[in-house]
$ cat run_1.txt   # compact mmCIF, C-alpha atoms
# COMPACT_ATOMS: atom_id res chain seq x y z
CA GLU A 1408 -16.47 -20.39 -9.28
CA LYS A 1409 -16.07 -22.99 -12.00
CA ILE A 1410 -19.77 -23.93 -12.00
CA LEU A 1411 -20.83 -20.27 -12.11
CA LEU A 1412 -18.44 -19.34 -14.92
CA LYS A 1413 -19.32 -22.41 -16.94
CA PHE A 1414 -23.01 -21.50 -16.65
CA MET A 1415 -22.36 -17.86 -17.64
CA ARG A 1416 -20.37 -19.00 -20.67
CA PHE A 1417 -23.21 -21.30 -21.70
CA VAL A 1418 -26.00 -18.72 -21.46
CA SER A 1419 -23.92 -15.93 -23.04
CA PRO A 1420 -21.42 -17.53 -25.45
CA LYS A 1421 -20.60 -14.27 -27.26
CA THR A 1422 -19.72 -12.34 -24.11
CA LYS A 1423 -16.06 -11.64 -23.40
CA PHE A 1424 -15.03 -12.27 -19.82
CA VAL A 1425 -12.32 -10.10 -18.26
CA LEU A 1426 -10.90 -10.52 -14.78
CA THR A 1427 -9.30 -7.54 -13.05
CA ILE A 1428 -6.58 -8.59 -10.61
CA HIS A 1429 -5.82 -6.22 -7.74
CA ASN A 1430 -3.66 -8.57 -5.67
CA ILE A 1431 -2.14 -11.71 -7.14
CA TYR A 1432 -2.60 -13.66 -3.92
CA PRO A 1433 -4.92 -13.19 -0.93
CA HIS A 1434 -3.46 -11.13 1.92
CA ASP A 1435 -1.36 -12.93 4.55
CA CYS A 1436 -0.99 -15.95 2.27
CA ASN A 1437 1.81 -18.40 3.11
CA GLU A 1438 3.53 -20.71 0.61
CA LYS A 1439 1.10 -23.57 1.27
CA GLY A 1440 -1.81 -21.18 0.76
CA LYS A 1441 -0.30 -19.91 -2.49
CA ASP A 1442 0.03 -23.45 -3.85
CA SER A 1443 -3.60 -24.15 -2.98
CA TYR A 1444 -4.71 -20.88 -4.58
CA LYS A 1445 -2.83 -21.64 -7.81
CA LYS A 1446 -4.55 -25.03 -8.10
CA ARG A 1447 -7.94 -23.41 -7.51
CA PHE A 1448 -7.23 -20.69 -10.08
CA ALA A 1449 -6.14 -23.24 -12.69
CA LEU A 1450 -9.68 -24.66 -12.66
CA VAL A 1451 -11.22 -21.38 -13.86
CA GLU A 1452 -8.60 -19.38 -15.79
CA THR A 1453 -9.64 -20.85 -19.15
CA PHE A 1454 -13.06 -19.22 -18.79
CA PHE A 1455 -11.51 -15.74 -19.02
CA ASP A 1456 -10.61 -14.12 -22.33
CA LYS A 1457 -8.38 -11.43 -20.85
CA PHE A 1458 -6.91 -10.25 -17.56
CA ILE A 1459 -6.30 -6.69 -16.38
CA ILE A 1460 -3.48 -6.12 -13.91
CA HIS A 1461 -2.15 -2.81 -12.65
CA LEU A 1462 1.65 -3.05 -12.79
CA LYS A 1463 4.29 -4.56 -15.08
CA THR A 1464 6.00 -6.16 -12.08
CA SER A 1465 2.72 -7.78 -11.06
CA LYS A 1466 2.08 -9.00 -14.60
CA ASP A 1467 5.47 -10.72 -14.68
CA VAL A 1468 4.75 -12.54 -11.41
CA PHE A 1469 1.21 -13.45 -12.46
CA CYS A 1470 2.22 -14.87 -15.84
CA SER A 1471 5.10 -16.82 -14.30
CA ASP A 1472 3.31 -18.20 -11.22
CA PHE A 1473 0.06 -19.09 -12.99
CA SER A 1474 1.47 -20.05 -16.43
CA ILE A 1475 -0.59 -17.41 -18.26
CA SER A 1476 0.55 -16.19 -21.68
CA GLU A 1477 1.46 -12.50 -21.75
CA ASP A 1478 -0.88 -11.71 -24.65
CA ARG A 1479 -3.88 -12.47 -22.40
CA VAL A 1480 -2.83 -9.81 -19.87
CA LYS A 1481 -3.17 -6.04 -20.19
CA VAL A 1482 -1.45 -3.64 -17.80
CA ILE A 1483 -3.72 -0.71 -16.90
CA PRO A 1484 -2.70 1.48 -13.94
CA HIS A 1485 -4.94 1.63 -10.89
CA GLY A 1486 -6.36 5.12 -10.52
CA VAL A 1487 -5.83 7.34 -7.51
CA PHE A 1488 -8.85 7.16 -5.22
CA THR A 1489 -9.93 10.70 -4.36
CA PRO A 1490 -12.68 10.86 -1.71
CA LYS A 1491 -15.75 12.84 -2.72
CA ASN A 1492 -15.63 16.52 -1.70
CA LEU A 1493 -12.08 16.11 -0.36
CA LYS A 1494 -10.42 19.48 0.15
CA VAL A 1495 -6.70 19.04 0.60
CA VAL A 1496 -5.27 21.65 2.95
CA PRO A 1497 -1.50 22.31 2.98
CA HIS A 1498 -0.10 21.26 6.34
CA LYS A 1499 2.46 23.38 8.14
CA ARG A 1500 5.04 21.37 10.00
CA GLY A 1501 4.79 21.78 13.75
CA VAL A 1502 7.29 21.23 16.54
CA LYS A 1503 7.20 17.49 15.90
CA LEU A 1504 7.32 15.56 12.66
CA ASN A 1505 3.97 13.76 12.44
CA LEU A 1506 3.88 10.31 10.86
CA ILE A 1507 0.76 8.28 10.16
CA MET A 1508 0.20 4.66 9.18
CA TYR A 1509 -3.42 3.74 8.52
CA GLY A 1510 -5.56 0.82 7.42
CA ASN A 1511 -6.02 -2.63 8.91
CA GLN A 1512 -2.76 -3.42 10.67
CA SER A 1513 -1.19 -6.84 10.13
CA TYR A 1514 2.16 -8.55 9.74
CA TYR A 1515 2.43 -8.28 5.94
CA LYS A 1516 1.86 -4.53 6.21
CA GLY A 1517 4.97 -4.19 8.36
CA THR A 1518 3.52 -2.22 11.25
CA ASP A 1519 6.17 -3.77 13.51
CA ILE A 1520 8.89 -2.48 11.15
CA LEU A 1521 7.73 1.10 11.72
CA VAL A 1522 7.56 0.60 15.51
CA ASP A 1523 11.04 -0.94 15.55
CA ALA A 1524 12.40 1.90 13.41
CA LEU A 1525 11.08 4.54 15.82
CA ALA A 1526 12.47 2.62 18.81
CA MET A 1527 15.94 2.76 17.20
CA LEU A 1528 16.00 6.55 17.07
CA PRO A 1529 18.32 8.33 19.53
CA LYS A 1530 16.42 9.96 22.39
CA GLU A 1531 16.91 13.49 21.05
CA LYS A 1532 15.36 12.39 17.72
CA LYS A 1533 12.46 10.58 19.40
CA ASN A 1534 11.47 13.85 21.03
CA LYS A 1535 11.03 15.37 17.58
CA VAL A 1536 8.68 12.82 16.02
CA HIS A 1537 5.20 11.45 16.74
CA ALA A 1538 3.51 8.51 15.01
CA LEU A 1539 -0.18 7.67 14.80
CA ILE A 1540 -1.00 4.06 13.89
CA VAL A 1541 -4.70 3.81 13.18
CA GLY A 1542 -6.83 0.92 11.97
CA LYS A 1543 -8.23 -2.39 13.12
CA THR A 1544 -5.51 -4.49 14.77
CA ASP A 1545 -5.57 -8.03 16.06
CA PRO A 1546 -5.14 -7.94 19.87
CA ASP A 1547 -2.13 -10.31 19.84
CA TYR A 1548 -0.37 -8.24 17.18
CA LEU A 1549 -1.19 -5.05 19.09
CA ASN A 1550 0.38 -6.46 22.26
CA LEU A 1551 3.51 -7.33 20.27
CA LEU A 1552 3.66 -3.79 18.88
CA LYS A 1553 3.26 -2.20 22.31
CA GLU A 1554 6.09 -4.33 23.69
CA LYS A 1555 8.38 -2.83 21.05
CA VAL A 1556 7.50 0.83 21.66
CA ARG A 1557 9.94 1.51 24.51
CA ASP A 1558 9.98 5.30 24.93
CA SER A 1559 8.88 6.21 21.39
CA ASP A 1560 6.01 8.69 20.96
CA ILE A 1561 3.43 6.45 19.29
CA THR A 1562 -0.35 6.65 19.53
CA PHE A 1563 -2.32 3.50 18.71
CA ASN A 1564 -5.94 3.65 17.62
CA PRO A 1565 -6.51 -0.06 16.92
CA GLU A 1566 -10.12 0.29 15.80
CA PHE A 1567 -11.99 0.87 12.58
CA VAL A 1568 -12.54 4.63 12.29
CA SER A 1569 -14.92 6.66 10.14
CA ASP A 1570 -13.70 8.09 6.85
CA GLU A 1571 -14.17 11.58 8.25
CA ASP A 1572 -11.96 10.91 11.27
CA LEU A 1573 -9.35 9.13 9.18
CA TYR A 1574 -9.12 11.92 6.64
CA LYS A 1575 -8.77 14.48 9.42
CA SER A 1576 -5.86 12.52 10.90
CA ILE A 1577 -4.16 12.23 7.52
CA MET A 1578 -4.55 15.98 6.97
CA GLU A 1579 -2.78 16.62 10.28
CA SER A 1580 0.19 14.45 9.30
CA ASP A 1581 3.44 15.33 7.56
CA ILE A 1582 4.37 11.90 6.23
CA ILE A 1583 2.35 8.81 5.36
CA VAL A 1584 4.34 5.63 6.01
CA VAL A 1585 3.63 2.42 4.08
CA PRO A 1586 6.21 -0.16 5.27
CA TYR A 1587 4.69 -3.26 3.67
CA ARG A 1588 6.59 -6.54 3.39
CA GLU A 1589 4.78 -7.43 0.15
CA ILE A 1590 1.78 -6.34 -1.93
CA SER A 1591 0.74 -6.43 -5.60
CA GLN A 1592 -1.06 -3.08 -5.46
CA SER A 1593 -1.96 -0.99 -2.43
CA GLY A 1594 -5.22 0.92 -2.12
CA VAL A 1595 -3.74 2.56 0.99
CA LEU A 1596 -0.89 3.99 -1.10
CA LEU A 1597 -3.21 5.23 -3.84
CA LEU A 1598 -5.44 6.92 -1.27
CA ALA A 1599 -2.34 8.48 0.30
CA LEU A 1600 -1.50 10.23 -2.96
CA SER A 1601 -4.85 12.05 -2.84
CA PHE A 1602 -3.85 13.88 0.33
CA LYS A 1603 -0.67 15.24 -1.27
CA ARG A 1604 1.50 14.47 1.71
CA MET A 1605 5.04 13.18 1.68
CA ILE A 1606 5.18 9.41 1.42
CA VAL A 1607 7.74 6.94 2.76
CA VAL A 1608 7.45 3.34 1.54
CA SER A 1609 9.41 0.10 1.50
CA ASP A 1610 11.27 -0.52 -1.75
CA ILE A 1611 9.26 -3.57 -2.82
CA PRO A 1612 8.85 -3.89 -6.62
CA SER A 1613 5.20 -2.74 -6.81
CA PHE A 1614 5.90 0.43 -4.81
CA ARG A 1615 9.04 1.12 -6.84
CA GLU A 1616 7.00 0.97 -10.03
CA THR A 1617 4.03 3.01 -8.78
CA LEU A 1618 6.30 5.73 -7.33
CA SER A 1619 9.08 5.48 -9.93
CA CYS A 1620 9.20 9.26 -10.31
CA LEU A 1621 10.08 9.81 -6.63
CA ASP A 1622 13.73 9.88 -5.57
CA THR A 1623 15.48 7.76 -2.95
CA ASP A 1624 14.15 9.88 -0.07
CA ALA A 1625 10.79 8.14 -0.46
CA PHE A 1626 12.14 4.59 -0.09
CA PHE A 1627 13.78 2.45 2.56
CA GLU A 1628 15.07 -1.10 2.35
CA PHE A 1629 12.13 -3.44 2.94
CA VAL A 1630 12.04 -5.48 6.17
CA ASN A 1631 14.87 -3.28 7.48
CA PRO A 1632 13.85 -1.09 10.45
CA ALA A 1633 17.33 0.42 10.61
CA SER A 1634 16.99 1.68 7.03
CA LEU A 1635 13.61 3.24 7.84
CA SER A 1636 14.96 4.77 11.06
CA LYS A 1637 17.82 6.36 9.11
CA LEU A 1638 15.37 7.78 6.56
CA ILE A 1639 13.06 9.19 9.25
CA THR A 1640 16.10 10.91 10.78
CA LYS A 1641 16.72 12.67 7.46
CA TYR A 1642 13.21 14.10 7.57
CA ILE A 1643 13.55 15.10 11.22
CA ASP A 1644 16.78 16.94 10.42
CA GLY A 1645 15.29 18.66 7.36
CA ARG A 1646 17.74 17.03 4.96
CA VAL A 1647 15.03 16.15 2.43
CA ASP A 1648 13.74 18.43 -0.33
CA GLU A 1649 10.13 18.24 0.84
CA LYS A 1650 8.80 20.73 -1.71
CA LYS A 1651 10.27 18.69 -4.55
CA GLN A 1652 8.67 15.49 -3.26
CA LEU A 1653 5.28 17.17 -2.93
CA ARG A 1654 5.53 18.49 -6.50
CA VAL A 1655 6.23 14.98 -7.77
CA VAL A 1656 3.29 13.59 -5.77
CA ASP A 1657 1.05 16.25 -7.31
CA ASP A 1658 2.20 15.27 -10.82
CA LEU A 1659 1.62 11.61 -10.01
CA VAL A 1660 -1.96 12.30 -8.87
CA ASN A 1661 -2.68 13.93 -12.22
CA LYS A 1662 -0.99 11.11 -14.14
CA LEU A 1663 -2.98 8.42 -12.30
CA SER A 1664 -6.34 10.18 -12.34
CA TRP A 1665 -9.26 8.00 -13.40
CA GLU A 1666 -9.99 10.52 -16.18
CA LYS A 1667 -6.53 9.93 -17.71
CA ILE A 1668 -6.76 6.18 -17.31
$ encode --input "run_1.txt" --output "structure tokens"
Amino acid sequence: EKILLKFMRFVSPKTKFVLTIHNIYPHDCNEKGKDSYKKRFALVETFFDKFIIHLKTSKDVFCSDFSISEDRVKVIPHGVFTPKNLKVVPHKRGVKLNLIMYGNQSYYKGTDILVDALAMLPKEKKNKVHALIVGKTDPDYLNLLKEKVRDSDITFNPEFVSDEDLYKSIMESDIIVVPYREISQSGVLLLALSFKRMIVVSDIPSFRETLSCLDTDAFFEFVNPASLSKLITKYIDGRVDEKKQLRVVDDLVNKLSWEKI
């Protein structure tokens, strides 16, 4: 990267270079990997005039971890991704509460936290909820997840699926679950908003900031399956103001539209 940026600076000295940062670190990055990444980034950061990052919480981490002055960083929200020709259809709740978790499944996304949470439900509650976990999954991780299922009603589709099939599955769901352990900004979450479904997420800082207008019924304590299980029970029992949450999601979609941004 250094050679390329140095060349671009040389041939176009008046051009301003801006780097947009979606995630601060690569996915599934351990502490050793983060240290290596910081050293690599230090070799090129001087070639950029400004940085765009999507959340205040992410900016604070970025400036601290990479020793970047705050005046070089601008916070601009990430827009909601709305698929072309998407027609959102209101979904009527059926006999069971339908949960969906989608996207590539991996440890940092907390798929196992959702599976553990469903396994903790009392039997009479398990009979009232179904979960679909869809997206490419490493075989070893999938085996681990299946070992945790017990008698929960969970359907795994561990493959990459077409947009059309994915959108159909989301439309048939009541709640989109995003139980991540960590993330700077989630494209999965921003896509979820487009479908105007109820959303349940872990209370990590980036999700708290993105969904700051939602009340506590949208959040559970991160890396805590018992907290998620308790929250799912509230939805099963109808002790959540679902209409209110959907109104807030609708307002958030308008606020984070690309036109507004």
$ atom_distance --input "run_1.txt" --atom1 "CA of Asp1435 (chain A)" --atom2 "CA of Lys1516 (chain A)"
9.1 Å
$ residues_around --input "run_1.txt" --residues "Tyr1587 (chain A)" --least-positions-apart "4" --cutoff "12 Å" --atoms "only C-alpha atoms" --output "short mmCIF file (atom, residue, chain, number, x, y, z; two decimals) with C-alpha atoms, in the frame of the given file"
data_model
loop_
_atom_site.label_atom_id
_atom_site.label_comp_id
_atom_site.auth_asym_id
_atom_site.auth_seq_id
_atom_site.Cartn_x
_atom_site.Cartn_y
_atom_site.Cartn_z
CA HIS A 1434 -3.46 -11.13 1.92
CA ASP A 1435 -1.36 -12.93 4.55
CA MET A 1508 0.20 4.66 9.18
CA TYR A 1509 -3.42 3.74 8.52
CA GLY A 1510 -5.56 0.82 7.42
CA ASN A 1511 -6.02 -2.63 8.91
CA GLN A 1512 -2.76 -3.42 10.67
CA SER A 1513 -1.19 -6.84 10.13
CA TYR A 1514 2.16 -8.55 9.74
CA TYR A 1515 2.43 -8.28 5.94
CA LYS A 1516 1.86 -4.53 6.21
CA GLY A 1517 4.97 -4.19 8.36
CA THR A 1518 3.52 -2.22 11.25
CA ASP A 1519 6.17 -3.77 13.51
CA ILE A 1520 8.89 -2.48 11.15
CA LEU A 1521 7.73 1.10 11.72
CA SER A 1591 0.74 -6.43 -5.60
CA GLN A 1592 -1.06 -3.08 -5.46
CA SER A 1593 -1.96 -0.99 -2.43
CA VAL A 1595 -3.74 2.56 0.99
CA LEU A 1596 -0.89 3.99 -1.10
CA VAL A 1607 7.74 6.94 2.76
CA VAL A 1608 7.45 3.34 1.54
CA SER A 1609 9.41 0.10 1.50
CA ASP A 1610 11.27 -0.52 -1.75
CA ILE A 1611 9.26 -3.57 -2.82
CA PRO A 1612 8.85 -3.89 -6.62
CA SER A 1613 5.20 -2.74 -6.81
CA PHE A 1614 5.90 0.43 -4.81
CA PHE A 1626 12.14 4.59 -0.09
CA PHE A 1627 13.78 2.45 2.56
CA GLU A 1628 15.07 -1.10 2.35
CA PHE A 1629 12.13 -3.44 2.94
CA VAL A 1630 12.04 -5.48 6.17
CA ASN A 1631 14.87 -3.28 7.48
CA PRO A 1632 13.85 -1.09 10.45
CA LEU A 1635 13.61 3.24 7.84
#
$ residues_around --input "run_1.txt" --residues "His1429 (chain A)" --least-positions-apart "2" --cutoff "10 Å" --atoms "only C-alpha atoms" --output "compact mmCIF listing (two decimals) with C-alpha atoms, keeping the file's coordinate frame"
# COMPACT_ATOMS: atom_id res chain seq x y z
CA LEU A 1426 -10.90 -10.52 -14.78
CA THR A 1427 -9.30 -7.54 -13.05
CA ILE A 1431 -2.14 -11.71 -7.14
CA TYR A 1432 -2.60 -13.66 -3.92
CA PRO A 1433 -4.92 -13.19 -0.93
CA ILE A 1459 -6.30 -6.69 -16.38
CA ILE A 1460 -3.48 -6.12 -13.91
CA HIS A 1461 -2.15 -2.81 -12.65
CA LEU A 1462 1.65 -3.05 -12.79
CA SER A 1465 2.72 -7.78 -11.06
CA HIS A 1485 -4.94 1.63 -10.89
CA ILE A 1590 1.78 -6.34 -1.93
CA SER A 1591 0.74 -6.43 -5.60
CA GLN A 1592 -1.06 -3.08 -5.46
CA SER A 1593 -1.96 -0.99 -2.43
CA GLY A 1594 -5.22 0.92 -2.12
$ residues_around --input "run_1.txt" --residues "region 1579-1585 of chain A" --least-positions-apart "5" --cutoff "7 Å" --atoms "only C-alpha atoms" --output "PyMOL selection string"
chain A and resi 1498+1500+1504-1508+1599+1604-1609
$ closest_residue --input "run_1.txt" --among "A:Gly1486, A:Pro1420, A:Asp1558, A:Lys1413" --to "Met1527 (chain A)" --atoms "all atoms listed in the file"
A:Asp1558
$ residues_near_point --input "run_1.txt" --point "(-11.8, -19.3, -18.3)" --cutoff "9 Å" --atoms "all atoms listed in the file" --output "PyMOL selection string"
chain A and resi 1409+1412-1413+1416+1424+1449-1457
$ atom_distance --input "run_1.txt" --atom1 "CA of Leu1621 (chain A)" --atom2 "CA of Leu1539 (chain A)"
23.9 Å
$ atom_distance --input "run_1.txt" --atom1 "CA of Ala1524 (chain A)" --atom2 "CA of Lys1503 (chain A)"
16.6 Å
$ closest_residue --input "run_1.txt" --among "A:Ser1636, A:Thr1422, A:Asn1534, A:Ser1664" --to "Asp1560 (chain A)" --atoms "only C-alpha atoms"
A:Asn1534
$ closest_residue --input "run_1.txt" --among "A:Val1556, A:Leu1598, A:Leu1411, A:Val1418" --to "Leu1663 (chain A)" --atoms "only C-alpha atoms"
A:Leu1598
$ closest_atom_pairs --input "run_1.txt" --of "region 1522-1562 of chain A" --to "region 1570-1573 of chain A" --cutoff "12 Å" --atoms "all atoms listed in the file" --output "CSV"
residue,atom,partner,partner_atom,distance
A:Leu1539,CA,A:Leu1573,CA,10.9
A:Ile1540,CA,A:Leu1573,CA,10.8
A:Val1541,CA,A:Leu1573,CA,8.1
A:Gly1542,CA,A:Leu1573,CA,9.0
$ decode --input "run_1.txt" --residues "region 1408-1438 of chain A" --atoms "N, CA and C atoms" --output "mmCIF file, in the first residue's frame"
data_model
loop_
_atom_site.group_PDB
_atom_site.id
_atom_site.type_symbol
_atom_site.label_atom_id
_atom_site.label_comp_id
_atom_site.auth_asym_id
_atom_site.auth_seq_id
_atom_site.Cartn_x
_atom_site.Cartn_y
_atom_site.Cartn_z
ATOM 1 N N GLU A 1408 0.828 -1.212 0.000
ATOM 2 C CA GLU A 1408 0.000 0.000 0.000
ATOM 3 C C GLU A 1408 0.862 1.262 0.000
ATOM 4 N N LYS A 1409 1.969 1.196 0.719
ATOM 5 C CA LYS A 1409 2.824 2.377 0.826
ATOM 6 C C LYS A 1409 3.372 2.797 -0.534
ATOM 7 N N ILE A 1410 3.835 1.823 -1.316
ATOM 8 C CA ILE A 1410 4.390 2.125 -2.640
ATOM 9 C C ILE A 1410 3.320 2.738 -3.540
ATOM 10 N N LEU A 1411 2.126 2.162 -3.520
ATOM 11 C CA LEU A 1411 1.028 2.664 -4.350
ATOM 12 C C LEU A 1411 0.640 4.088 -3.954
ATOM 13 N N LEU A 1412 0.470 4.319 -2.656
ATOM 14 C CA LEU A 1412 0.058 5.647 -2.196
ATOM 15 C C LEU A 1412 1.134 6.702 -2.459
ATOM 16 N N LYS A 1413 2.370 6.309 -2.280
ATOM 17 C CA LYS A 1413 3.476 7.235 -2.540
ATOM 18 C C LYS A 1413 3.493 7.639 -4.014
ATOM 19 N N PHE A 1414 3.246 6.661 -4.883
ATOM 20 C CA PHE A 1414 3.204 6.933 -6.329
ATOM 21 C C PHE A 1414 2.028 7.857 -6.669
ATOM 22 N N MET A 1415 0.862 7.573 -6.076
ATOM 23 C CA MET A 1415 -0.328 8.399 -6.356
ATOM 24 C C MET A 1415 -0.126 9.837 -5.879
ATOM 25 N N ARG A 1416 0.516 9.991 -4.742
ATOM 26 C CA ARG A 1416 0.828 11.327 -4.230
ATOM 27 C C ARG A 1416 1.778 12.065 -5.185
ATOM 28 N N PHE A 1417 2.721 11.344 -5.734
ATOM 29 C CA PHE A 1417 3.709 11.952 -6.618
ATOM 30 C C PHE A 1417 3.082 12.428 -7.916
ATOM 31 N N VAL A 1418 2.237 11.589 -8.524
ATOM 32 C CA VAL A 1418 1.655 11.944 -9.823
ATOM 33 C C VAL A 1418 0.493 12.925 -9.692
ATOM 34 N N SER A 1419 -0.096 13.033 -8.488
ATOM 35 C CA SER A 1419 -1.221 13.940 -8.303
ATOM 36 C C SER A 1419 -1.087 14.674 -6.969
ATOM 37 N N PRO A 1420 -0.118 15.559 -6.861
ATOM 38 C CA PRO A 1420 0.206 16.213 -5.582
ATOM 39 C C PRO A 1420 -0.893 17.114 -5.018
ATOM 40 N N LYS A 1421 -1.824 17.559 -5.875
ATOM 41 C CA LYS A 1421 -2.882 18.447 -5.382
ATOM 42 C C LYS A 1421 -4.145 17.699 -4.943
ATOM 43 N N THR A 1422 -4.153 16.412 -5.192
ATOM 44 C CA THR A 1422 -5.329 15.604 -4.831
ATOM 45 C C THR A 1422 -5.373 15.352 -3.326
ATOM 46 N N LYS A 1423 -6.560 15.461 -2.753
ATOM 47 C CA LYS A 1423 -6.757 15.116 -1.345
ATOM 48 C C LYS A 1423 -7.133 13.642 -1.251
ATOM 49 N N PHE A 1424 -6.529 12.946 -0.350
ATOM 50 C CA PHE A 1424 -6.791 11.524 -0.178
ATOM 51 C C PHE A 1424 -7.572 11.290 1.107
ATOM 52 N N VAL A 1425 -8.717 10.624 0.972
ATOM 53 C CA VAL A 1425 -9.598 10.348 2.110
ATOM 54 C C VAL A 1425 -9.817 8.849 2.204
ATOM 55 N N LEU A 1426 -9.653 8.317 3.397
ATOM 56 C CA LEU A 1426 -9.894 6.896 3.628
ATOM 57 C C LEU A 1426 -11.164 6.725 4.457
ATOM 58 N N THR A 1427 -12.106 5.939 3.936
ATOM 59 C CA THR A 1427 -13.314 5.615 4.689
ATOM 60 C C THR A 1427 -13.085 4.301 5.435
ATOM 61 N N ILE A 1428 -13.341 4.327 6.724
ATOM 62 C CA ILE A 1428 -13.092 3.168 7.576
ATOM 63 C C ILE A 1428 -14.415 2.559 8.009
ATOM 64 N N HIS A 1429 -14.681 1.353 7.546
ATOM 65 C CA HIS A 1429 -15.917 0.646 7.933
ATOM 66 C C HIS A 1429 -15.690 -0.099 9.242
ATOM 67 N N ASN A 1430 -14.686 -0.965 9.280
ATOM 68 C CA ASN A 1430 -14.276 -1.629 10.511
ATOM 69 C C ASN A 1430 -12.867 -1.194 10.854
ATOM 70 N N ILE A 1431 -12.616 -0.972 12.132
ATOM 71 C CA ILE A 1431 -11.294 -0.514 12.549
ATOM 72 C C ILE A 1431 -10.250 -1.600 12.346
ATOM 73 N N TYR A 1432 -10.624 -2.824 12.665
ATOM 74 C CA TYR A 1432 -9.725 -3.967 12.488
ATOM 75 C C TYR A 1432 -10.384 -4.993 11.574
ATOM 76 N N PRO A 1433 -9.592 -5.855 10.943
ATOM 77 C CA PRO A 1433 -10.166 -6.952 10.155
ATOM 78 C C PRO A 1433 -11.011 -7.855 11.062
ATOM 79 N N HIS A 1434 -11.970 -8.549 10.484
ATOM 80 C CA HIS A 1434 -12.811 -9.464 11.253
ATOM 81 C C HIS A 1434 -11.973 -10.588 11.864
ATOM 82 N N ASP A 1435 -12.437 -11.103 13.005
ATOM 83 C CA ASP A 1435 -11.773 -12.232 13.678
ATOM 84 C C ASP A 1435 -10.293 -11.956 13.912
ATOM 85 N N CYS A 1436 -9.980 -10.743 14.346
ATOM 86 C CA CYS A 1436 -8.595 -10.336 14.555
ATOM 87 C C CYS A 1436 -8.237 -10.438 16.037
ATOM 88 N N ASN A 1437 -7.226 -11.265 16.371
ATOM 89 C CA ASN A 1437 -6.810 -11.388 17.766
ATOM 90 C C ASN A 1437 -5.846 -10.255 18.132
ATOM 91 N N GLU A 1438 -5.387 -10.239 19.381
ATOM 92 C CA GLU A 1438 -4.532 -9.136 19.847
ATOM 93 C C GLU A 1438 -3.219 -9.068 19.074
#
